[in-house]
Structures are given as structure tokens and as C-alpha cells.
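Shown next: model-v4.cif, containing mmCIF, C-alpha atoms.
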data_query
#
loop_
_atom_site.label_atom_id
_atom_site.label_comp_id
_atom_site.auth_asym_id
_atom_site.auth_seq_id
_atom_site.Cartn_x
_atom_site.Cartn_y
_atom_site.Cartn_z
CA MET C 1139 73.33 107.53 140.87
CA PRO C 1140 70.65 105.16 139.42
CA GLU C 1141 70.01 107.68 136.65
CA SER C 1142 73.73 107.89 135.93
CA ARG C 1143 73.96 104.10 135.91
CA ASN C 1144 71.03 103.84 133.48
CA VAL C 1145 72.73 106.34 131.18
CA PHE C 1146 75.95 104.32 131.33
CA VAL C 1147 74.11 101.07 130.56
CA GLY C 1148 72.28 102.68 127.64
CA MET C 1149 75.43 104.23 126.19
CA THR C 1150 77.33 100.97 126.66
CA CYS C 1151 74.67 99.03 124.74
CA ALA C 1152 74.72 101.66 121.98
CA ASN C 1153 78.53 101.52 121.78
CA VAL C 1154 78.55 97.72 121.62
CA MET C 1155 75.96 97.76 118.83
CA LEU C 1156 77.95 100.41 117.01
CA LEU C 1157 81.13 98.36 117.44
CA ILE C 1158 79.46 95.29 115.90
CA LEU C 1159 78.03 97.23 112.96
CA ASN C 1160 81.31 99.06 112.38
CA THR C 1161 83.25 95.79 112.42
CA VAL C 1162 80.88 94.11 109.98
CA GLY C 1163 80.76 97.12 107.66
CA ASN C 1164 84.51 97.70 107.40
CA VAL C 1165 85.31 93.99 107.16
CA LEU C 1166 82.86 93.88 104.24
CA VAL C 1167 84.75 96.72 102.55
CA ILE C 1168 88.10 94.94 102.96
CA GLN C 1169 86.65 91.61 101.78
CA ALA C 1170 85.00 93.25 98.79
CA ILE C 1171 88.31 94.76 97.68
CA VAL C 1172 90.28 91.55 98.27
CA LYS C 1173 87.78 89.22 96.57
CA THR C 1174 86.62 91.41 93.67
CA GLN C 1175 89.00 91.63 90.72
CA ARG C 1176 87.42 94.89 89.53
CA LEU C 1177 88.20 96.56 92.85
CA ARG C 1178 91.77 95.33 93.24
CA ASN C 1179 93.66 98.43 92.14
CA ALA C 1180 95.97 101.05 93.62
CA SER C 1181 93.21 103.53 94.41
CA ASN C 1182 91.14 100.98 96.30
CA PHE C 1183 94.26 99.97 98.24
CA LEU C 1184 93.88 103.35 99.92
CA VAL C 1185 90.20 102.60 100.56
CA ALA C 1186 91.13 99.24 102.14
CA ASN C 1187 93.59 100.96 104.47
CA LEU C 1188 90.96 103.55 105.35
CA ALA C 1189 88.59 100.71 106.25
CA LEU C 1190 91.32 99.06 108.35
CA CYS C 1191 91.89 102.26 110.33
CA ASP C 1192 88.14 102.73 110.78
CA LEU C 1193 87.92 99.12 111.93
CA LEU C 1194 90.73 99.34 114.50
CA SER C 1195 89.87 102.69 116.07
CA PRO C 1196 86.59 101.60 117.75
CA LEU C 1197 88.02 98.12 118.44
CA LEU C 1198 90.80 99.68 120.49
CA ASN C 1199 88.60 102.27 122.20
CA ILE C 1200 85.22 100.82 123.07
CA PRO C 1201 86.17 97.57 124.88
CA PHE C 1202 88.78 99.33 127.03
CA ASP C 1203 86.43 102.24 127.73
CA ILE C 1204 83.77 99.85 129.01
CA SER C 1205 86.29 97.86 131.04
CA VAL C 1206 87.69 100.96 132.74
CA GLU C 1207 84.21 102.31 133.50
CA LEU C 1208 83.17 99.01 135.07
CA SER C 1209 86.32 98.53 137.16
CA HIS C 1210 86.77 102.26 138.00
CA ALA C 1211 90.52 101.73 137.54
CA TRP C 1212 93.17 100.86 134.96
CA PRO C 1213 93.87 97.12 135.39
CA TYR C 1214 96.24 96.63 132.43
CA GLY C 1215 99.48 98.16 133.68
CA PRO C 1216 101.71 101.04 132.48
CA VAL C 1217 102.85 99.42 129.21
CA VAL C 1218 99.33 98.97 127.85
CA CYS C 1219 98.51 102.48 129.08
CA ARG C 1220 101.25 103.86 126.81
CA ILE C 1221 100.01 101.82 123.83
CA ILE C 1222 96.20 101.55 123.65
CA TRP C 1223 94.98 105.16 123.63
CA PRO C 1224 97.92 106.46 121.53
CA VAL C 1225 97.48 103.71 118.92
CA ALA C 1226 93.73 104.38 118.81
CA THR C 1227 94.53 108.07 118.25
CA MET C 1228 97.00 107.06 115.55
CA MET C 1229 94.28 105.10 113.71
CA THR C 1230 91.89 108.06 113.86
CA THR C 1231 94.60 110.41 112.56
CA SER C 1232 95.62 108.01 109.78
CA SER C 1233 91.97 107.63 108.77
CA ALA C 1234 91.58 111.39 108.31
CA LEU C 1235 94.84 111.69 106.34
CA ILE C 1236 94.05 108.69 104.11
CA LEU C 1237 90.69 110.27 103.36
CA VAL C 1238 92.58 113.36 102.19
CA ALA C 1239 94.86 111.21 100.00
CA ILE C 1240 91.82 109.49 98.45
CA SER C 1241 90.16 112.83 97.72
CA ILE C 1242 93.28 114.15 95.95
CA ASP C 1243 93.67 110.93 93.94
CA ARG C 1244 90.02 110.86 92.85
CA SER C 1245 89.97 114.55 91.97
CA ARG C 1246 93.17 114.12 89.95
CA ALA C 1247 91.70 111.15 88.07
CA LEU C 1248 88.50 113.09 87.40
CA ARG C 1249 90.11 116.29 86.13
CA HIS C 1250 93.06 114.69 84.30
CA PRO C 1251 91.94 111.26 82.99
CA PHE C 1252 94.92 111.00 80.63
CA VAL C 1253 97.51 111.38 83.39
CA ILE C 1254 99.16 108.14 84.51
CA LYS C 1255 97.08 106.54 87.25
CA LEU C 1256 98.24 105.83 90.78
CA THR C 1257 100.38 102.68 91.03
CA ILE C 1258 100.46 100.09 93.80
CA CYS C 1259 103.96 101.18 94.82
CA GLN C 1260 102.80 104.79 95.07
CA SER C 1261 99.77 103.75 97.14
CA VAL C 1262 101.96 101.75 99.52
CA GLY C 1263 104.32 104.72 99.81
CA ILE C 1264 101.42 107.06 100.60
CA VAL C 1265 100.07 104.72 103.29
CA VAL C 1266 103.52 104.28 104.87
CA LEU C 1267 104.05 108.06 104.87
CA ILE C 1268 100.65 108.68 106.46
CA HIS C 1269 101.18 106.10 109.20
CA SER C 1270 104.66 107.52 109.84
CA ILE C 1271 103.21 111.02 110.28
CA SER C 1272 100.50 109.66 112.59
CA LEU C 1273 103.11 107.76 114.60
CA LEU C 1274 105.18 110.92 115.07
CA VAL C 1275 102.05 112.79 116.15
CA ILE C 1276 101.11 110.27 118.85
CA LEU C 1277 104.62 109.70 120.27
CA PRO C 1278 104.34 112.62 122.76
CA PHE C 1279 100.94 111.28 123.81
CA SER C 1280 102.45 107.84 124.43
CA VAL C 1281 105.29 109.29 126.51
CA ALA C 1282 102.85 111.38 128.55
CA SER C 1283 100.52 108.43 129.26
CA VAL C 1284 101.22 107.09 132.75
CA VAL C 1285 99.35 105.23 135.48
CA ILE C 1286 98.51 107.62 138.33
CA ASP C 1287 96.54 106.39 141.35
CA GLY C 1288 95.43 103.30 139.44
CA GLU C 1289 94.20 105.24 136.39
CA CYS C 1290 95.74 105.79 132.95
CA GLU C 1291 96.26 109.55 132.82
CA GLU C 1292 98.28 112.16 130.92
CA ASP C 1293 101.28 113.77 132.60
CA TRP C 1294 102.87 116.48 130.45
CA SER C 1295 105.27 117.78 133.10
CA GLY C 1296 108.32 116.18 131.48
CA SER C 1297 107.27 116.73 127.85
CA ILE C 1298 108.37 119.37 125.35
CA PHE C 1299 104.67 120.08 124.79
CA THR C 1300 102.01 121.25 127.19
CA SER C 1301 98.60 119.62 127.21
CA ARG C 1302 97.13 122.64 125.42
CA GLN C 1303 99.81 122.66 122.72
CA TYR C 1304 99.37 118.97 122.03
CA THR C 1305 95.58 119.27 121.91
CA LEU C 1306 95.94 122.00 119.28
CA ILE C 1307 98.30 119.79 117.26
CA ILE C 1308 95.80 116.92 117.32
CA PHE C 1309 92.95 119.26 116.40
CA HIS C 1310 94.84 120.59 113.36
CA VAL C 1311 96.18 117.24 112.11
CA GLN C 1312 93.06 115.19 112.83
CA TYR C 1313 90.36 117.64 111.84
CA LEU C 1314 91.09 121.21 110.70
CA ILE C 1315 93.72 120.58 107.99
CA PRO C 1316 91.95 117.49 106.55
CA PHE C 1317 88.63 119.35 106.50
CA ILE C 1318 90.12 122.37 104.70
CA VAL C 1319 91.81 120.14 102.11
CA LEU C 1320 88.67 118.01 101.61
CA ALA C 1321 86.48 121.07 101.20
CA PHE C 1322 88.91 122.70 98.75
CA VAL C 1323 89.53 119.56 96.64
CA TYR C 1324 85.87 118.57 96.46
CA GLY C 1325 84.81 122.16 95.89
CA CYS C 1326 87.12 122.35 92.86
CA ALA C 1327 85.89 118.96 91.66
CA ALA C 1328 82.25 120.00 92.06
CA HIS C 1329 82.94 123.19 90.08
CA TYR C 1330 84.58 121.11 87.34
CA LEU C 1331 81.66 118.66 87.28
CA ARG C 1332 79.16 121.51 87.13
CA ARG C 1333 80.92 122.97 84.09
CA SER C 1334 81.14 119.50 82.56
CA THR C 1335 77.42 118.95 83.11
CA LEU C 1336 76.56 122.29 81.47
CA SER C 1337 78.74 121.33 78.49
CA LEU C 1338 76.90 118.02 78.21
CA ILE C 1339 73.54 119.80 78.28
CA LYS C 1340 74.66 122.11 75.46
CA LEU C 1341 75.96 119.10 73.54
CA GLU C 1342 72.60 117.35 73.96
CA GLU C 1343 70.82 120.44 72.66
CA CYS C 1344 73.11 120.51 69.64
CA THR C 1345 72.42 116.81 69.11
CA ASP C 1346 68.65 117.40 69.24
CA SER C 1347 69.00 120.23 66.74
CA SER C 1348 71.03 118.07 64.37
CA VAL C 1349 68.40 115.32 64.63
CA GLU C 1350 65.64 117.71 63.51
CA GLN C 1351 67.74 118.90 60.62
CA SER C 1352 68.68 115.36 59.60
CA GLU C 1353 65.01 114.49 59.06
CA ARG C 1354 65.01 116.85 56.09
CA ASN C 1355 68.31 115.79 54.65
CA THR C 1356 69.96 113.05 52.60
CA LEU C 1357 70.20 109.31 53.28
CA ARG C 1358 73.63 109.79 54.79
CA ARG C 1359 72.22 112.29 57.25
CA ARG C 1360 69.43 109.83 58.07
CA ARG C 1361 72.03 107.22 58.98
CA SER C 1362 73.69 109.76 61.23
CA HIS C 1363 70.28 110.40 62.75
CA ALA C 1364 69.90 106.68 63.46
CA LYS C 1365 73.03 106.78 65.59
CA SER C 1366 72.17 109.98 67.46
CA PRO C 1367 69.71 108.48 70.02
CA THR C 1368 72.41 106.15 71.39
CA ARG C 1369 74.84 109.07 71.57
CA GLN C 1370 72.27 111.14 73.40
CA ARG C 1371 71.63 108.24 75.79
CA SER C 1372 75.38 108.07 76.46
CA LEU C 1373 75.50 111.81 77.17
CA THR C 1374 72.53 111.51 79.52
CA LEU C 1375 74.27 108.66 81.35
CA ARG C 1376 77.38 110.77 81.84
CA ARG C 1377 75.28 113.65 83.15
CA GLU C 1378 73.61 111.34 85.67
CA GLN C 1379 77.02 110.02 86.73
CA ASN C 1380 78.33 113.55 87.25
CA THR C 1381 75.28 114.41 89.35
CA ARG C 1382 75.85 111.34 91.50
CA VAL C 1383 79.51 112.25 91.98
CA MET C 1384 78.56 115.76 93.12
CA LYS C 1385 76.25 114.23 95.71
CA MET C 1386 79.12 112.02 96.87
CA PHE C 1387 81.32 115.08 97.37
CA ALA C 1388 78.70 116.76 99.52
CA VAL C 1389 78.17 113.63 101.64
CA VAL C 1390 81.88 113.00 102.27
CA VAL C 1391 82.66 116.55 103.40
CA THR C 1392 79.47 116.88 105.46
CA VAL C 1393 79.87 113.55 107.27
CA PHE C 1394 83.51 114.21 108.13
CA ALA C 1395 82.81 117.79 109.25
CA LEU C 1396 79.82 116.94 111.44
CA LEU C 1397 80.99 113.70 113.05
CA MET C 1398 84.66 114.52 113.69
CA LEU C 1399 84.01 117.99 115.10
CA PRO C 1400 82.26 117.22 118.45
CA ASN C 1401 85.05 115.15 120.01
CA ASN C 1402 87.72 117.65 118.95
CA VAL C 1403 85.71 120.55 120.35
CA ARG C 1404 85.13 118.61 123.57
CA TRP C 1405 88.88 118.16 124.04
CA LEU C 1406 89.52 121.84 123.35
CA VAL C 1407 86.90 122.82 125.93
CA ASP C 1408 88.25 120.39 128.53
CA VAL C 1409 91.89 121.39 128.09
CA PHE C 1410 91.55 125.14 127.61
CA GLY C 1411 88.79 125.31 130.20
CA SER C 1412 91.13 123.71 132.76
CA ASN C 1413 88.78 120.72 133.05
CA THR C 1414 85.88 122.99 133.96
CA GLN C 1415 82.86 121.05 135.12
CA TYR C 1416 79.68 121.57 133.12
CA PRO C 1417 76.25 119.86 133.24
CA HIS C 1418 76.15 116.26 132.00
CA LYS C 1419 79.88 116.30 131.22
CA ASP C 1420 80.24 112.50 131.22
CA LEU C 1421 77.22 112.04 128.96
CA ILE C 1422 78.47 114.71 126.54
CA SER C 1423 81.90 113.06 126.45
CA LEU C 1424 80.32 109.69 125.60
CA LEU C 1425 78.16 111.23 122.87
CA CYS C 1426 81.16 113.04 121.35
CA ALA C 1427 83.14 109.80 121.29
CA MET C 1428 80.19 108.04 119.64
CA CYS C 1429 80.23 110.64 116.86
CA THR C 1430 83.83 109.64 116.09
CA TYR C 1431 82.82 105.97 115.98
CA LEU C 1432 79.89 106.84 113.72
CA ASN C 1433 82.32 108.47 111.32
CA CYS C 1434 84.19 105.15 111.14
CA PHE C 1435 80.92 103.38 110.33
CA ALA C 1436 79.77 106.00 107.82
CA ASN C 1437 82.20 105.06 105.05
CA PRO C 1438 80.80 101.54 104.38
CA ILE C 1439 77.31 103.06 104.19
CA ILE C 1440 78.54 105.62 101.65
CA TYR C 1441 80.16 102.86 99.58
CA GLY C 1442 76.96 100.81 99.50
CA THR C 1443 74.76 103.82 98.78
CA PHE C 1444 76.68 105.49 95.97
CA SER C 1445 78.90 102.81 94.41
CA LYS C 1446 77.40 100.04 92.29
CA ASP C 1447 80.71 98.15 92.37
CA TYR C 1448 80.76 98.01 96.16
CA LYS C 1449 77.03 97.34 96.39
CA VAL C 1450 77.37 94.28 94.14
CA SER C 1451 80.51 93.14 95.99
CA PHE C 1452 78.79 93.47 99.39
CA LEU C 1453 75.86 91.40 98.16
CA ARG C 1454 78.21 88.81 96.71
CA VAL C 1455 80.08 88.46 100.02
CA LEU C 1456 76.92 88.38 102.16
CA THR C 1457 75.18 85.79 99.96
CA PHE C 1458 78.33 83.72 99.34
CA GLY C 1459 78.46 84.71 95.68
CA ARG C 1460 74.85 84.01 94.70
CA TYR C 1461 72.96 87.32 94.53
CA GLY C 1462 75.94 89.46 93.57
CA ASN C 1463 76.77 87.30 90.54
CA SER C 1464 73.20 87.30 89.23
CA PHE C 1465 72.95 91.06 89.76
CA HIS C 1466 76.22 91.57 87.90
CA VAL C 1467 75.06 89.39 85.00
CA ALA C 1468 71.73 91.24 84.81
CA SER C 1469 73.50 94.60 84.86
CA HIS C 1470 75.89 93.45 82.13
CA ALA C 1471 72.99 92.19 80.01
CA LYS C 1472 71.23 95.51 80.40
CA SER C 1473 74.31 97.53 79.51
CA SER C 1474 75.06 95.27 76.53
CA ARG C 1475 71.98 96.63 74.76
CA VAL C 1476 74.07 99.72 74.06
CA PRO C 1477 75.98 99.31 70.77
CA SER C 1478 79.64 98.50 71.32
CA GLY C 1479 80.69 101.66 69.51
CA VAL C 1480 79.36 103.88 72.30
CA ARG C 1481 79.60 101.50 75.27
CA PRO C 1482 81.84 102.83 78.08
CA ARG C 1483 85.08 100.90 78.80
CA ALA C 1484 86.29 100.41 81.46
CA LYS C 1485 90.21 108.97 123.32
CA ARG C 1486 91.96 111.54 121.78
CA SER C 1487 91.06 109.13 120.12
CA LEU C 1488 86.17 108.28 98.60
CA TYR C 1489 85.24 107.37 95.11
CA ASN C 1490 86.86 105.66 92.44
CA PHE C 1491 86.91 107.60 89.16
CA ARG C 1492 88.33 105.73 86.23
CA GLY C 1493 89.01 107.62 83.03
CA ASP C 1494 88.40 105.54 79.90
CA GLY C 1495 90.20 105.83 76.64
CA ASN C 1496 88.00 108.72 75.54
CA GLY C 1497 88.57 110.75 78.67
CA GLU C 1498 85.06 110.03 79.94
CA GLU C 1499 84.55 109.77 83.68
CA VAL C 1500 83.22 106.46 84.95
CA VAL C 1501 81.93 106.47 88.49
CA GLY C 1502 83.11 103.69 90.74
CA THR C 1503 83.72 103.75 94.46
CA MET C 1504 83.44 106.47 96.97
CA VAL C 1505 84.60 107.11 100.61
#

Would you kindly transcribe this structure into C-alpha cells?
Amino acid sequence: MPESRNVFVGMTCANVMLLILNTVGNVLVIQAIVKTQRLRNASNFLVANLALCDLLSPLLNIPFDISVELSHAWPYGPVVCRIIWPVATMMTTSSALILVAISIDRSRALRHPFVIKLTICQSVGIVVLIHSISLLVILPFSVASVVIDGECEEDWSGSIFTSRQYTLIIFHVQYLIPFIVLAFVYGCAAHYLRRSTLSLIKLEECTDSSVEQSERNTLRRRRSHAKSPTRQRSLTLRREQNTRVMKMFAVVVTVFALLMLPNNVRWLVDVFGSNTQYPHKDLISLLCAMCTYLNCFANPIIYGTFSKDYKVSFLRVLTFGRYGNSFHVASHAKSSRVPSGVRPRAKRSLYNFRGDGNGEEVVGTMV
């Protein structure tokens, strides 16, 4: 019992710390989008809603988990029992589906830069549709949630679904289908970027060859040679951007796959194993839940690591506009050295690609 209590205290402290970090990180994302003109667009509206779902899921889970563990009962009544866990599950489901929507939008913008971009109305429609799907998914869970012997439990006796059927539905909607779509979309995008990078390398080689030939040619060729270094620098920049985007793809799919899997597998084992007891079951359940919370916290870290726009916006918010502004000015001064002619424009409980006028990919935010 003392050992079990020590484990509970340690896991509670870890969950509280994770809750604080997750809250700060996702609030930063929302603030960055709201306060930064450059980030206020239809694509980042999806990112803001993803951050909101990632913010609410641990906020609804962790405090109530701790309260129930401490009191060894459900003190909030039957109404709250039908709301809290289902809504938390809804946020987790919406988060996974919004991540899919972001991946499709970013891949579309990357592969087809001349196609009309996502509008605010379309983004709002996508978010409403996703939340509606998530609401439909959690309704049976809400109906089945009842207070039995002072605890909030699931009773599927009067439902059209069995516990096993519903667990499979959640597993497919929350994990399997999103993972397959993410892997497919980002796999296609990575293949496209790889081909694009190879084309850029060949173009650089052709540029180098033309430079050597221009040294033995007329004055007009020499002028062309004077412009070629800036063109080559622009091509190199695009190649570096493409490499960074490919890394983003790998991180997004890997983080989602690794952190969302344990809790889903745990539910499958518990339900299909008829609640079979196994060693350290409570500890494993806590660790699996923590993986889901870590997934909520992972997105702000990805933004700050891979996206200069979000990194600058985070710094601006944290320093009340001082460091972020100076960093932005310094970055602008550095980029302005490039001649304007070649400068880019632009319990059951992402990546902003903007195509410029020349069809070049400009890396922005990522989920």
C-alpha cells in the first residue's frame, strides 16, 4: 500500500506538471495566432482549434482523475458523470480529426500552390463538421455513463452498442483512420518534396555549369553571371526549406503514432480481455493516459522547433513584445540583403505552406 501510494503521488505530481506545461504551451499557440497578423489566416484557424482541443482534453481529465482517486468515489452526481468523460473524449477525437484536416490542407497547398487557398468560411465549416462528428461519436458514451455504487461507470446494457463495439469505434475514429490518412498524405508530400529537391539539385548543377561557361563569354553573359549567385542562393534556400518540411512530416506522424497508441491499446486489452487483471495495471493505465496528454503538449513544441513564425510569436508574447520584435527586425534586415528581384514573397479519453506568386513553397507553421 505505501508503495502504491508513492506511485500515485509521483504520477499525480507528473500529471499536474504536464497539465501546467500543456496549458501554457497551447495558450501560447492561441495567443500567437490571435495577436500576430501574419498568422491570422484560414489555415491557422485550424491550428488554433487544434490547440483549443489539446488544451481542454487534459483540463477536463486530470483534475477529475485526481479528485476521484483521492475521494475513492464520484462526488459530482450523475449529470456531470454524463458530461465530463464524454466531452474529454470528444476533444481528443476532434484533435485527431483536425490534425487530419490540417495535413490535407498543407499537402494541398504544397502540391498545388496555384489552387485557391482555404477560406475562413471553409475553415469554420470544417471545424463545425469535425466537432459534429465527434459529438455523434461520444453520444453513446454519454448515455452509457451512469453512477453505480458511488462511481461513474459505463453501463451498455440499454445501448445499441456493446462495450467492445464502441471501443472499436473509438479506436478507429480516434487513432487508426487518422493515422492511416496522416501517413498517406505525408508520405505523398514527402515523395513530392524529394522529387522537388532532386530537381533543385539538378537546376543548381545547371546553374554552376552556366556560370563556368559565362566566364568565357560576352559582356551580356557576364551580367547574367553576376545574377547567378543570388539565384543559386535562392535555390539552396528552397532546398533547405524542403528538407525542413520533410523532417516536420516525420515528426508529426511519429509523435501521433507513438503517443496516441498506448491508451487505445490499453482500452482494447481491458475490454476484449474482460477486464483481465495484469501486473501493475493501475500504473500502466496512468502511463498510457499520460502519453495522450503528452501528445496534446507535443504540438506547441513542434511549432516552436520547426516554425520561425511561431517561434518569433512565442518570444513576442513571453517578453511582452520586446524580444520578438527585435528578432523579427533582425531577420528582415538579414533577408533584405537579397535583391528584391529574387526575394520570396510572401478517459476514453501541422505546417503552414504558403505558395507565392511563382509557385515556390514557403515554410511557415507546422502541427

Mind telling me what the PyMOL selection byres ((chain C and resi 1188) around 8) catches here, as a PyMOL selection string? chain C and resi 1184-1187+1189-1192+1232-1233+1236-1237

C:Ala1247, C:Leu1267, C:Leu1197, C:Val1217 ranked by distance to C:Ile1158, top pick (using all atoms listed in the file): C:Leu1197

Closest to C:Leu1456 among C:Ala1395, C:Tyr1214, C:Gln1169, C:Arg1143, using all atoms listed in the file?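 Residue with the minimum atom-to-atom distance to C:Leu1456: C:Gln1169.
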
Could you pull the residues within 10 Å of C:Leu1432, counting only C-alpha atoms, minus those fewer than 6 positions along the same chain, as a list in words?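 Surrounding residues, per the criterion: Asn1153, Leu1156, Leu1157, Leu1159, Asn1160, Asp1192, Pro1196, Val1393, Phe1394, Leu1397, Met1398 and Cys1426 of chain C.
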
Distance atom CA of C:Tyr1324-atom CA of C:Pro1251, one decimal place?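 These two atoms are separated by 16.5 Å.
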
Sphere at (88.5, 97.0, 99.2), radius 10 Å, counting only C-alpha atoms: residues as number ranges by chain: C: 1164-1174, 1176-1179, 1181-1190, 1448, 1451, 1503

Restricting the calculation to all atoms listed in the file, which member of C:Gly1163, C:Asp1287, C:His1250, C:Ala1180 is positioned closest to C:Pro1213? C:Asp1287

Would you kindly return, as a PyMOL selection string, each protein, DNA or RNA residue with an atom no farther than 12 Å from any atom of C:Leu1306, considering only C-alpha atoms and excluding same-chain residues fewer than 5 positions away? chain C and resi 1275+1299-1301+1311-1315+1402-1403+1405-1407+1409-1410+1486

Deliver the residues from the most recent selection as a file, using C-alpha atoms, as a CSV table (one decimal), in the coordinates of the input.
chain,number,residue,atom,x,y,z
C,1275,VAL,CA,102.0,112.8,116.2
C,1299,PHE,CA,104.7,120.1,124.8
C,1300,THR,CA,102.0,121.2,127.2
C,1301,SER,CA,98.6,119.6,127.2
C,1311,VAL,CA,96.2,117.2,112.1
C,1312,GLN,CA,93.1,115.2,112.8
C,1313,TYR,CA,90.4,117.6,111.8
C,1314,LEU,CA,91.1,121.2,110.7
C,1315,ILE,CA,93.7,120.6,108.0
C,1402,ASN,CA,87.7,117.6,119.0
C,1403,VAL,CA,85.7,120.6,120.4
C,1405,TRP,CA,88.9,118.2,124.0
C,1406,LEU,CA,89.5,121.8,123.4
C,1407,VAL,CA,86.9,122.8,125.9
C,1409,VAL,CA,91.9,121.4,128.1
C,1410,PHE,CA,91.6,125.1,127.6
C,1486,ARG,CA,92.0,111.5,121.8
